[in-house]
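S.K.: To be precise about what I am sending: the file is called final.pdb and holds PDB, C-alpha atoms.
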```
ATOM      1  CA  MET A 237     -22.328  -7.740  12.516
ATOM      2  CA  THR A 238     -23.469 -10.993  10.974
ATOM      3  CA  PHE A 239     -26.637 -12.466  12.443
ATOM      4  CA  ASN A 240     -28.517 -15.601  11.386
ATOM      5  CA  LEU A 241     -31.932 -14.732  12.749
ATOM      6  CA  ARG A 242     -33.445 -18.251  12.492
ATOM      7  CA  PHE A 243     -36.418 -18.106  10.150
ATOM      8  CA  GLY A 244     -39.613 -17.188  11.891
ATOM      9  CA  LEU A 245     -41.841 -19.923  10.453
ATOM     10  CA  ALA A 246     -39.860 -22.703  12.136
ATOM     11  CA  LYS A 247     -41.817 -24.708  14.708
ATOM     12  CA  ASP A 248     -39.398 -24.018  17.551
ATOM     13  CA  GLY A 249     -41.763 -24.259  20.525
ATOM     14  CA  PRO A 250     -40.342 -22.142  23.388
ATOM     15  CA  HIS A 251     -37.792 -20.707  20.918
ATOM     16  CA  ALA A 252     -40.436 -19.528  18.449
ATOM     17  CA  TRP A 253     -40.059 -16.107  16.872
ATOM     18  CA  GLU A 254     -42.804 -14.512  18.998
ATOM     19  CA  TYR A 255     -40.689 -15.168  22.112
ATOM     20  CA  ARG A 256     -37.365 -14.237  20.520
ATOM     21  CA  LYS A 257     -38.472 -11.015  18.869
ATOM     22  CA  PRO A 258     -37.960  -8.729  21.910
ATOM     23  CA  LEU A 259     -34.601 -10.410  22.604
ATOM     24  CA  VAL A 260     -33.397  -9.645  19.075
ATOM     25  CA  GLU A 261     -34.408  -6.022  19.580
ATOM     26  CA  LYS A 262     -32.401  -5.863  22.819
ATOM     27  CA  ILE A 263     -29.305  -7.265  21.110
ATOM     28  CA  LEU A 264     -29.509  -4.796  18.240
ATOM     29  CA  LYS A 265     -29.913  -1.818  20.560
ATOM     30  CA  THR A 266     -27.171  -2.989  22.940
ATOM     31  CA  TYR A 267     -24.629  -3.609  20.173
ATOM     32  CA  PRO A 268     -25.088  -0.933  17.494
ATOM     33  CA  CYS A 269     -23.224  -1.429  14.214
ATOM     34  CA  ASP A 270     -22.794   0.456  10.958
ATOM     35  CA  PHE A 271     -23.728  -2.664   8.987
ATOM     36  CA  ILE A 272     -25.660  -5.805   9.914
ATOM     37  CA  GLY A 273     -25.922  -8.796   7.586
ATOM     38  CA  PHE A 274     -29.010 -10.862   8.397
ATOM     39  CA  GLN A 275     -29.737 -14.373   7.138
ATOM     40  CA  GLU A 276     -32.898 -16.526   7.345
ATOM     41  CA  VAL A 277     -35.269 -13.572   7.518
ATOM     42  CA  ASN A 278     -38.941 -14.180   6.714
ATOM     43  CA  HIS A 279     -40.859 -11.189   5.336
ATOM     44  CA  PHE A 280     -42.566 -10.409   8.671
ATOM     45  CA  GLN A 281     -39.188 -10.493  10.401
ATOM     46  CA  ALA A 282     -37.803  -8.094   7.781
ATOM     47  CA  GLU A 283     -40.661  -5.715   8.514
ATOM     48  CA  PHE A 284     -39.922  -5.963  12.241
ATOM     49  CA  LEU A 285     -36.241  -5.194  11.694
ATOM     50  CA  THR A 286     -36.846  -2.162   9.497
ATOM     51  CA  LYS A 287     -39.352  -0.756  11.999
ATOM     52  CA  SER A 288     -37.143  -1.458  15.024
ATOM     53  CA  LEU A 289     -34.074   0.131  13.404
ATOM     54  CA  MET A 290     -35.696   3.242  11.990
ATOM     55  CA  ARG A 291     -32.403   5.069  11.394
ATOM     56  CA  TYR A 292     -31.094   2.217   9.241
ATOM     57  CA  GLY A 293     -31.522   1.764   5.529
ATOM     58  CA  HIS A 294     -31.748  -1.725   4.072
ATOM     59  CA  ILE A 295     -30.934  -3.583   0.888
ATOM     60  CA  GLY A 296     -31.784  -7.075  -0.299
ATOM     61  CA  TRP A 297     -34.697  -8.625  -2.113
ATOM     62  CA  TYR A 298     -37.461 -10.761  -0.718
ATOM     63  CA  ASN A 299     -40.644 -12.171  -2.158
ATOM     64  CA  LYS A 300     -43.615 -11.399   0.049
ATOM     65  CA  GLU A 301     -45.804 -13.666  -2.086
ATOM     66  CA  VAL A 302     -43.856 -16.767  -0.979
ATOM     67  CA  GLU A 303     -44.551 -17.351   2.714
ATOM     68  CA  TRP A 304     -41.477 -19.536   3.347
ATOM     69  CA  TRP A 305     -39.083 -17.157   1.597
ATOM     70  CA  GLN A 306     -35.876 -16.565   3.564
ATOM     71  CA  ASN A 307     -34.303 -13.172   2.971
ATOM     72  CA  THR A 308     -30.649 -12.177   2.976
ATOM     73  CA  LEU A 309     -30.590  -8.516   4.013
ATOM     74  CA  ILE A 310     -28.090  -5.796   4.892
ATOM     75  CA  LEU A 311     -29.178  -3.009   7.224
ATOM     76  CA  PHE A 312     -26.896   0.036   7.250
ATOM     77  CA  ASP A 313     -26.601   3.130   9.409
ATOM     78  CA  ALA A 314     -28.004   6.255   7.780
ATOM     79  CA  SER A 315     -24.614   7.973   8.069
ATOM     80  CA  TRP A 316     -23.583   5.837   5.054
ATOM     81  CA  GLU A 317     -24.820   6.547   1.542
ATOM     82  CA  CYS A 318     -25.675   3.540  -0.612
ATOM     83  CA  LEU A 319     -24.353   4.222  -4.114
ATOM     84  CA  GLY A 320     -25.739   1.006  -5.555
ATOM     85  CA  HIS A 321     -26.575  -2.589  -4.776
ATOM     86  CA  ARG A 322     -27.197  -5.917  -6.470
ATOM     87  CA  HIS A 323     -28.953  -9.120  -5.462
ATOM     88  CA  PHE A 324     -27.770 -12.477  -6.788
ATOM     89  CA  PHE A 325     -28.642 -16.140  -6.490
ATOM     90  CA  LEU A 326     -25.725 -18.485  -5.882
ATOM     91  CA  SER A 327     -26.131 -20.291  -9.177
ATOM     92  CA  HIS A 328     -25.095 -20.228 -12.810
ATOM     93  CA  THR A 329     -28.103 -17.968 -13.511
ATOM     94  CA  PRO A 330     -27.679 -15.465 -10.659
ATOM     95  CA  ASP A 331     -30.294 -12.975 -11.846
ATOM     96  CA  ILE A 332     -33.247 -15.380 -11.601
ATOM     97  CA  PRO A 333     -34.391 -17.565  -8.681
ATOM     98  CA  SER A 334     -32.228 -20.686  -9.001
ATOM     99  CA  ARG A 335     -29.689 -22.884  -7.233
ATOM    100  CA  LEU A 336     -26.446 -24.727  -7.884
ATOM    101  CA  PRO A 337     -26.640 -28.477  -8.571
ATOM    102  CA  GLY A 338     -26.485 -30.212  -5.198
ATOM    103  CA  SER A 339     -27.801 -27.206  -3.270
ATOM    104  CA  ARG A 340     -30.854 -27.892  -1.138
ATOM    105  CA  TRP A 341     -32.105 -24.309  -1.245
ATOM    106  CA  PRO A 342     -31.848 -21.346  -3.649
ATOM    107  CA  ARG A 343     -29.132 -19.487  -1.733
ATOM    108  CA  GLN A 344     -28.566 -15.760  -2.150
ATOM    109  CA  CYS A 345     -26.021 -12.958  -1.931
ATOM    110  CA  VAL A 346     -26.609  -9.209  -1.713
ATOM    111  CA  ILE A 347     -23.836  -6.644  -2.258
ATOM    112  CA  GLY A 348     -23.964  -2.921  -1.478
ATOM    113  CA  TRP A 349     -21.590  -0.117  -2.434
ATOM    114  CA  PHE A 350     -21.414   2.456   0.338
ATOM    115  CA  LYS A 351     -19.793   5.832   0.843
ATOM    116  CA  LYS A 352     -19.120   7.972   3.919
ATOM    117  CA  ARG A 353     -17.192  11.182   3.390
ATOM    118  CA  ASN A 354     -14.233  10.112   1.235
ATOM    119  CA  ARG A 355     -14.393   6.414   2.198
ATOM    120  CA  HIS A 356     -15.890   3.701  -0.005
ATOM    121  CA  LEU A 357     -16.825   0.208   1.133
ATOM    122  CA  LEU A 358     -18.346  -2.902  -0.458
ATOM    123  CA  ILE A 359     -20.424  -5.116   1.839
ATOM    124  CA  ALA A 360     -21.675  -8.559   0.829
ATOM    125  CA  ASN A 361     -24.020 -10.753   2.838
ATOM    126  CA  THR A 362     -24.676 -14.382   1.953
ATOM    127  CA  HIS A 363     -25.821 -17.791   3.168
ATOM    128  CA  PHE A 364     -24.207 -20.986   1.842
ATOM    129  CA  ASP A 365     -25.757 -24.425   1.474
ATOM    130  CA  PHE A 366     -24.507 -27.628   3.132
ATOM    131  CA  LYS A 367     -22.314 -29.643   0.727
ATOM    132  CA  SER A 368     -18.630 -28.788   0.673
ATOM    133  CA  GLU A 369     -18.359 -28.733  -3.115
ATOM    134  CA  VAL A 370     -21.391 -26.433  -3.355
ATOM    135  CA  GLN A 371     -19.899 -24.117  -0.728
ATOM    136  CA  GLN A 372     -16.622 -23.924  -2.638
ATOM    137  CA  LYS A 373     -18.436 -23.072  -5.878
ATOM    138  CA  SER A 374     -20.510 -20.498  -4.000
ATOM    139  CA  ALA A 375     -17.355 -18.802  -2.712
ATOM    140  CA  GLY A 376     -16.104 -18.518  -6.288
ATOM    141  CA  LEU A 377     -19.432 -17.014  -7.360
ATOM    142  CA  VAL A 378     -19.269 -14.372  -4.641
ATOM    143  CA  MET A 379     -15.822 -13.416  -5.944
ATOM    144  CA  ASP A 380     -17.317 -13.128  -9.431
ATOM    145  CA  PHE A 381     -20.152 -10.933  -8.152
ATOM    146  CA  PHE A 382     -17.657  -8.455  -6.712
ATOM    147  CA  LYS A 383     -16.360  -7.925 -10.251
ATOM    148  CA  ARG A 384     -19.616  -6.099 -11.021
ATOM    149  CA  PHE A 385     -18.331  -3.243  -8.822
ATOM    150  CA  PRO A 386     -15.231  -1.008  -9.086
ATOM    151  CA  GLU A 387     -11.966  -2.720  -8.182
ATOM    152  CA  GLY A 388      -9.823  -1.987  -5.144
ATOM    153  CA  ILE A 389     -12.569  -0.864  -2.772
ATOM    154  CA  PRO A 390     -12.285  -2.296   0.776
ATOM    155  CA  GLN A 391     -14.578  -5.315   1.072
ATOM    156  CA  ILE A 392     -16.382  -7.121   3.887
ATOM    157  CA  ILE A 393     -18.394 -10.318   3.585
ATOM    158  CA  THR A 394     -20.823 -11.390   6.305
ATOM    159  CA  GLY A 395     -22.781 -14.614   6.332
ATOM    160  CA  ASP A 396     -23.665 -18.077   7.512
ATOM    161  CA  PHE A 397     -21.328 -20.351   5.554
ATOM    162  CA  ASN A 398     -22.436 -23.668   7.102
ATOM    163  CA  THR A 399     -18.782 -24.670   7.336
ATOM    164  CA  THR A 400     -15.819 -23.968   9.595
ATOM    165  CA  PRO A 401     -12.455 -22.251   8.995
ATOM    166  CA  GLY A 402     -10.030 -24.370   6.997
ATOM    167  CA  SER A 403     -12.755 -25.765   4.738
ATOM    168  CA  PRO A 404     -12.528 -25.554   0.914
ATOM    169  CA  ALA A 405     -14.826 -22.525   0.912
ATOM    170  CA  HIS A 406     -12.635 -20.725   3.436
ATOM    171  CA  ARG A 407      -9.498 -21.633   1.498
ATOM    172  CA  CYS A 408     -11.093 -20.136  -1.610
ATOM    173  CA  PHE A 409     -11.589 -16.804   0.153
ATOM    174  CA  LYS A 410      -8.153 -16.974   1.757
ATOM    175  CA  SER A 411      -6.522 -17.506  -1.640
ATOM    176  CA  ARG A 412      -8.135 -14.215  -2.696
ATOM    177  CA  ARG A 413      -6.470 -12.435   0.269
ATOM    178  CA  PHE A 414      -9.504 -12.347   2.541
ATOM    179  CA  GLY A 415      -8.856 -12.393   6.269
ATOM    180  CA  LEU A 416     -11.350 -13.979   8.670
ATOM    181  CA  VAL A 417     -12.320 -12.473  12.007
ATOM    182  CA  MET A 418     -11.248 -14.826  14.846
ATOM    183  CA  GLU A 419      -9.829 -17.352  12.384
ATOM    184  CA  ASP A 420      -7.330 -18.842  14.826
ATOM    185  CA  LYS A 421      -9.479 -18.812  17.966
ATOM    186  CA  PRO A 422     -11.780 -21.553  19.337
ATOM    187  CA  VAL A 423     -15.160 -20.084  18.448
ATOM    188  CA  THR A 424     -18.755 -21.332  18.596
ATOM    189  CA  THR A 425     -21.428 -19.488  16.630
ATOM    190  CA  PHE A 426     -24.041 -22.213  16.064
ATOM    191  CA  HIS A 427     -25.370 -23.580  19.344
ATOM    192  CA  ASP A 428     -28.910 -24.783  18.487
ATOM    193  CA  PHE A 429     -30.530 -22.737  21.306
ATOM    194  CA  THR A 430     -28.457 -24.578  23.921
ATOM    195  CA  GLY A 431     -25.735 -22.037  24.697
ATOM    196  CA  LYS A 432     -23.195 -24.890  24.649
ATOM    197  CA  GLU A 433     -19.752 -24.710  23.083
ATOM    198  CA  THR A 434     -20.114 -26.756  19.899
ATOM    199  CA  GLY A 435     -16.940 -25.594  18.149
ATOM    200  CA  LEU A 436     -19.036 -24.796  15.074
ATOM    201  CA  HIS A 437     -17.677 -21.457  13.853
ATOM    202  CA  ILE A 438     -19.910 -21.146  10.774
ATOM    203  CA  ASP A 439     -20.896 -17.448  10.936
ATOM    204  CA  TRP A 440     -18.076 -15.360   9.485
ATOM    205  CA  ILE A 441     -16.929 -11.827   8.851
ATOM    206  CA  LEU A 442     -14.326 -11.715   6.066
ATOM    207  CA  TYR A 443     -12.368  -8.641   4.978
ATOM    208  CA  ARG A 444      -9.691  -7.399   2.539
ATOM    209  CA  ASN A 445      -8.305  -4.354   0.684
ATOM    210  CA  GLY A 446      -7.007  -2.094   3.424
ATOM    211  CA  LEU A 447      -9.084  -3.095   6.457
ATOM    212  CA  THR A 448      -7.727  -4.291   9.810
ATOM    213  CA  PRO A 449      -9.971  -5.613  12.621
ATOM    214  CA  ILE A 450      -9.553  -3.736  15.900
ATOM    215  CA  SER A 451     -12.312  -5.533  17.840
ATOM    216  CA  GLU A 452     -13.848  -9.004  17.570
ATOM    217  CA  GLN A 453     -16.778 -10.392  19.522
ATOM    218  CA  VAL A 454     -19.172 -13.333  19.616
ATOM    219  CA  ILE A 455     -22.323 -12.029  21.332
ATOM    220  CA  GLN A 456     -23.508 -14.778  23.685
ATOM    221  CA  ASP A 457     -26.133 -12.817  25.607
ATOM    222  CA  SER A 458     -29.163 -14.739  26.845
ATOM    223  CA  PHE A 459     -32.231 -13.543  28.713
ATOM    224  CA  ASN A 460     -33.522 -15.789  31.493
ATOM    225  CA  GLY A 461     -32.045 -18.754  29.667
ATOM    226  CA  CYS A 462     -33.546 -17.776  26.297
ATOM    227  CA  PHE A 463     -31.496 -16.871  23.216
ATOM    228  CA  PRO A 464     -32.347 -14.489  20.366
ATOM    229  CA  SER A 465     -31.372 -17.170  17.822
ATOM    230  CA  ASP A 466     -29.820 -20.600  17.457
ATOM    231  CA  HIS A 467     -26.738 -18.744  16.163
ATOM    232  CA  TYR A 468     -24.674 -16.222  18.087
ATOM    233  CA  PRO A 469     -24.186 -12.913  16.283
ATOM    234  CA  VAL A 470     -20.590 -12.006  15.437
ATOM    235  CA  ARG A 471     -19.458  -8.390  15.643
ATOM    236  CA  ALA A 472     -16.215  -6.736  14.530
ATOM    237  CA  GLY A 473     -14.794  -3.228  14.303
ATOM    238  CA  PHE A 474     -12.305  -2.176  11.626
ATOM    239  CA  THR A 475      -9.820   0.566  10.930
ATOM    240  CA  TRP A 476      -8.514   1.692   7.555
ATOM    241  CA  THR A 477      -4.909   0.649   6.985
ATOM    242  CA  LYS A 478      -4.523   2.778   3.851
ATOM    243  CA  GLN A 479      -6.438   5.368   1.883
ATOM    244  CA  ALA A 480      -9.682   3.842   0.685
ATOM    245  CA  HIS A 481     -10.012   3.459  -3.052
ATOM    246  CA  LYS A 482     -11.975   6.309  -4.584
ATOM    247  CA  PRO A 483     -13.585   5.309  -7.902
TER     248      PRO A 483
END
```
Please, can you express the file's structure as structure tokens?

M.R.:
Amino acid sequence: MTFNLRFGLAKDGPHAWEYRKPLVEKILKTYPCDFIGFQEVNHFQAEFLTKSLMRYGHIGWYNKEVEWWQNTLILFDASWECLGHRHFFLSHTPDIPSRLPGSRWPRQCVIGWFKKRNRHLLIANTHFDFKSEVQQKSAGLVMDFFKRFPEGIPQIITGDFNTTPGSPAHRCFKSRRFGLVMEDKPVTTFHDFTGKETGLHIDWILYRNGLTPISEQVIQDSFNGCFPSDHYPVRAGFTWTKQAHKP
């Protein structure tokens, strides 16, 4: 699952985090997943998630000293073993807090290397900025970050890319043999708390290296007219199409 949580410090009135928090919990318990990539997570929201999903581990880095900090986290089912993980900034100096020229915010990417029985999997979670040229450069950086891990392992990328399929960023991933869940379907993921079909498919699940999607879903649940976020979560199930690479 990929889920932009909408950062909790936003002044959203009736959509404020205190009202959405129980709705998020309902979604996560109704639609269990092995891996969930969260974006826009303030530190108090991260604490809520880790307490609500007690059987999940989590990776990602966040700075509790900076109140406005937005975390990019991966929560993973305890049946998977995390063999290693790295946190990067989408910039030319990825190991220190920084941003690309033209990026409004210091965007991030976290990658985990997971194992379950004889299967290995790399999961990345990221959040891109707004300008097309910055998004395209960010896609190239994510590809570079994967090089820090063993080659050939099946890979999934979750995230809010702030752009739609067919954009330069998507073409960058596609040129590297990444498929996109629901690429050719009319999909809305960003709805701005309205529940309306906007056609903005900006929350993606990408995959390559021996994975085939067997289920695809945009979760549009609301509760008495209220939504857990201004983005719909996207959920997909996969099967292995060949023996997973074993480093």

S.K.: Which polymer residues have any atom within 12 Å of an atom of Thr399 in chain A, counting all atoms listed in the file, with same-chain residues fewer than 4 positions away left out, as a list in words?

M.R.: His363, Phe364, Asp365, Phe366, Lys367, Ser368, Glu369, Val370, Gln371, Gln372, Ala375, Gly395, Ser403, Pro404, Ala405, His406, Arg407, Thr424, Thr425, Phe426, Gly435, Leu436, His437, Ile438, Asp439 and Trp440 of chain A

S.K.: In Å, how far is it from CA of Val260 in chain A to CA of Ser465 in chain A?

M.R.: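 Separation of CA of Val260 in chain A and CA of Ser465 in chain A: 7.9 Å.
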
S.K.: Return the single residue from A:Lys410, A:Ile310, A:Asp457, A:Gly446 that is closest to Thr266 in chain A, with distances computed using all atoms listed in the file.

M.R.: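 Ranked by minimum distance to Thr266 in chain A, first place goes to A:Asp457.
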
S.K.: Would you list the contacts of Thr362 in chain A as number ranges by chain, taking every protein, DNA or RNA residue within 9 Å and counting all atoms listed in the file, but skipping same-chain residues closer than 4 positions in sequence?

M.R.: A: 273-275, 308-309, 326, 343-347, 378, 393-397

S.K.: Would you compute the distance between CA of Asn307 in chain A and CA of Phe243 in chain A? Give it in Å to one decimal.

M.R.: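 Interatomic distance, CA of Asn307 in chain A to CA of Phe243 in chain A: 9.0 Å.
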
S.K.: State, in Å with one decimal place, the distance from CA of His279 in chain A to CA of Pro258 in chain A.

M.R.: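 So the answer is 17.0 Å.
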
S.K.: When the PyMOL selection byres ((chain A and resi 323) around 9) is applied to the file above, which residues end up in the set, as a list in words?

M.R.: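 That expression, the PyMOL selection byres ((chain A and resi 323) around 9), corresponds here to Ile295, Gly296, Trp297, His321, Arg322, Phe324, Phe325, Pro330, Asp331, Gln344, Cys345, Val346, Ile347 and Gly348 of chain A.
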
S.K.: Find the residues near Phe280 in chain A: any atom within 10 Å, counting all atoms listed in the file, skip ones fewer than 2 places away on the same chain, and give them as number ranges by chain.

M.R.: A: 243-245, 277-278, 282-285, 300, 303

S.K.: Would you kindly translate the PyMOL selection byres ((chain A and resi 241) around 6) into the concrete residues it picks from this file, as a count of residues only?

M.R.: 5

S.K.: If the box runs along x, y and z of the file and leaves 5 Å on each side of range 421-432 of chain A, what are its centre and edge lengths in Å, one decimal, as lines of an AutoDock Vina configuration file?

M.R.:
```
center_x = -20.0
center_y = -21.9
center_z = 20.4
size_x = 31.1
size_y = 16.1
size_z = 18.6
```

S.K.: Show which residues sit within 10 Å of Ser451 in chain A, as a ChimeraX atom specification. Count only C-alpha atoms, and ignore same-chain residues fewer than 3 positions away.

M.R.: /A:417-418,448,471-475

S.K.: Print the selection's residues with C-alpha atoms to a file, as an mmCIF file, keeping the file's coordinate frame.

M.R.:
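Generated output (out-v7.cif):
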```
data_model
loop_
_atom_site.group_PDB
_atom_site.id
_atom_site.type_symbol
_atom_site.label_atom_id
_atom_site.label_comp_id
_atom_site.auth_asym_id
_atom_site.auth_seq_id
_atom_site.Cartn_x
_atom_site.Cartn_y
_atom_site.Cartn_z
ATOM 1 C CA VAL A 417 -12.320 -12.473 12.007
ATOM 2 C CA MET A 418 -11.248 -14.826 14.846
ATOM 3 C CA THR A 448 -7.727 -4.291 9.810
ATOM 4 C CA ARG A 471 -19.458 -8.390 15.643
ATOM 5 C CA ALA A 472 -16.215 -6.736 14.530
ATOM 6 C CA GLY A 473 -14.794 -3.228 14.303
ATOM 7 C CA PHE A 474 -12.305 -2.176 11.626
ATOM 8 C CA THR A 475 -9.820 0.566 10.930
#
```

S.K.: Between A:Ile359, A:Ile389, A:Ile332, A:Leu416, single out the one closest to Ile272 in chain A, counting all atoms listed in the file.

M.R.: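 So, comparing all the options, the nearest one is A:Ile359.
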
S.K.: Give me the residues within 10 Å of Phe429 in chain A as a PDB file with C-alpha atoms, keeping the file's coordinate frame, counting all atoms listed in the file and dropping any in the same chain fewer than 2 places off.

M.R.:
```
ATOM      1  CA  ASP A 248     -39.398 -24.018  17.551  1.00  0.00           C
ATOM      2  CA  HIS A 251     -37.792 -20.707  20.918  1.00  0.00           C
ATOM      3  CA  PHE A 426     -24.041 -22.213  16.064  1.00  0.00           C
ATOM      4  CA  HIS A 427     -25.370 -23.580  19.344  1.00  0.00           C
ATOM      5  CA  GLY A 431     -25.735 -22.037  24.697  1.00  0.00           C
ATOM      6  CA  LYS A 432     -23.195 -24.890  24.649  1.00  0.00           C
ATOM      7  CA  SER A 458     -29.163 -14.739  26.845  1.00  0.00           C
ATOM      8  CA  GLY A 461     -32.045 -18.754  29.667  1.00  0.00           C
ATOM      9  CA  CYS A 462     -33.546 -17.776  26.297  1.00  0.00           C
ATOM     10  CA  PHE A 463     -31.496 -16.871  23.216  1.00  0.00           C
ATOM     11  CA  PRO A 464     -32.347 -14.489  20.366  1.00  0.00           C
ATOM     12  CA  SER A 465     -31.372 -17.170  17.822  1.00  0.00           C
ATOM     13  CA  ASP A 466     -29.820 -20.600  17.457  1.00  0.00           C
ATOM     14  CA  HIS A 467     -26.738 -18.744  16.163  1.00  0.00           C
ATOM     15  CA  TYR A 468     -24.674 -16.222  18.087  1.00  0.00           C
TER      16      TYR A 468
END
```

S.K.: Copy range 417-442 of chain A out of the block into a file, keeping N, CA and C atoms, as a compact mmCIF listing (two decimals), in the first residue's frame.

M.R.:
```txt
# COMPACT_ATOMS: atom_id res chain seq x y z
N VAL A 417 1.19 0.08 -11.40
CA VAL A 417 -0.13 -0.44 -11.07
C VAL A 417 -1.20 0.51 -11.60
N MET A 418 -2.16 -0.02 -12.36
CA MET A 418 -3.28 0.73 -12.93
C MET A 418 -2.84 1.84 -13.87
N GLU A 419 -1.76 1.59 -14.60
CA GLU A 419 -1.22 2.62 -15.50
C GLU A 419 -2.22 3.05 -16.56
N ASP A 420 -2.97 2.13 -17.11
CA ASP A 420 -3.84 2.42 -18.25
C ASP A 420 -5.31 2.58 -17.86
N LYS A 421 -5.57 2.82 -16.58
CA LYS A 421 -6.96 2.96 -16.13
C LYS A 421 -7.20 4.40 -15.67
N PRO A 422 -8.44 4.91 -15.80
CA PRO A 422 -8.74 6.24 -15.27
C PRO A 422 -8.80 6.19 -13.74
N VAL A 423 -7.83 6.79 -13.10
CA VAL A 423 -7.67 6.65 -11.66
C VAL A 423 -7.55 8.03 -11.01
N THR A 424 -8.22 8.22 -9.89
CA THR A 424 -8.04 9.39 -9.04
C THR A 424 -7.44 8.93 -7.71
N THR A 425 -6.34 9.56 -7.30
CA THR A 425 -5.84 9.29 -5.95
C THR A 425 -5.84 10.56 -5.10
N PHE A 426 -5.61 11.72 -5.68
CA PHE A 426 -5.71 12.97 -4.92
C PHE A 426 -7.08 13.58 -5.15
N HIS A 427 -7.81 13.80 -4.04
CA HIS A 427 -9.17 14.33 -4.17
C HIS A 427 -9.44 15.52 -3.26
N ASP A 428 -8.44 15.93 -2.46
CA ASP A 428 -8.53 17.14 -1.64
C ASP A 428 -9.72 17.10 -0.67
N PHE A 429 -9.95 15.93 -0.08
CA PHE A 429 -11.03 15.72 0.91
C PHE A 429 -12.42 15.84 0.32
N THR A 430 -12.55 15.83 -1.00
CA THR A 430 -13.87 16.00 -1.61
C THR A 430 -14.51 14.68 -2.03
N GLY A 431 -13.71 13.66 -2.28
CA GLY A 431 -14.23 12.41 -2.80
C GLY A 431 -14.58 12.47 -4.27
N LYS A 432 -14.26 13.58 -4.95
CA LYS A 432 -14.59 13.73 -6.36
C LYS A 432 -13.52 13.11 -7.25
N GLU A 433 -13.93 12.73 -8.45
CA GLU A 433 -12.99 12.19 -9.43
C GLU A 433 -12.24 13.36 -10.06
N THR A 434 -10.97 13.49 -9.73
CA THR A 434 -10.16 14.59 -10.25
C THR A 434 -9.29 14.15 -11.43
N GLY A 435 -9.12 12.84 -11.61
CA GLY A 435 -8.22 12.34 -12.64
C GLY A 435 -6.76 12.45 -12.28
N LEU A 436 -6.47 12.87 -11.05
CA LEU A 436 -5.08 13.04 -10.61
C LEU A 436 -4.58 11.74 -9.98
N HIS A 437 -3.96 10.92 -10.80
CA HIS A 437 -3.36 9.65 -10.35
C HIS A 437 -1.90 9.94 -10.02
N ILE A 438 -1.64 10.42 -8.79
CA ILE A 438 -0.29 10.84 -8.42
C ILE A 438 0.35 9.94 -7.37
N ASP A 439 -0.41 9.00 -6.82
CA ASP A 439 0.10 8.04 -5.84
C ASP A 439 0.30 6.71 -6.55
N TRP A 440 1.54 6.24 -6.60
CA TRP A 440 1.88 5.11 -7.46
C TRP A 440 2.46 3.94 -6.68
N ILE A 441 2.30 2.76 -7.28
CA ILE A 441 3.05 1.57 -6.89
C ILE A 441 3.72 1.05 -8.16
N LEU A 442 5.03 1.11 -8.19
CA LEU A 442 5.84 0.65 -9.32
C LEU A 442 6.51 -0.67 -8.97
```
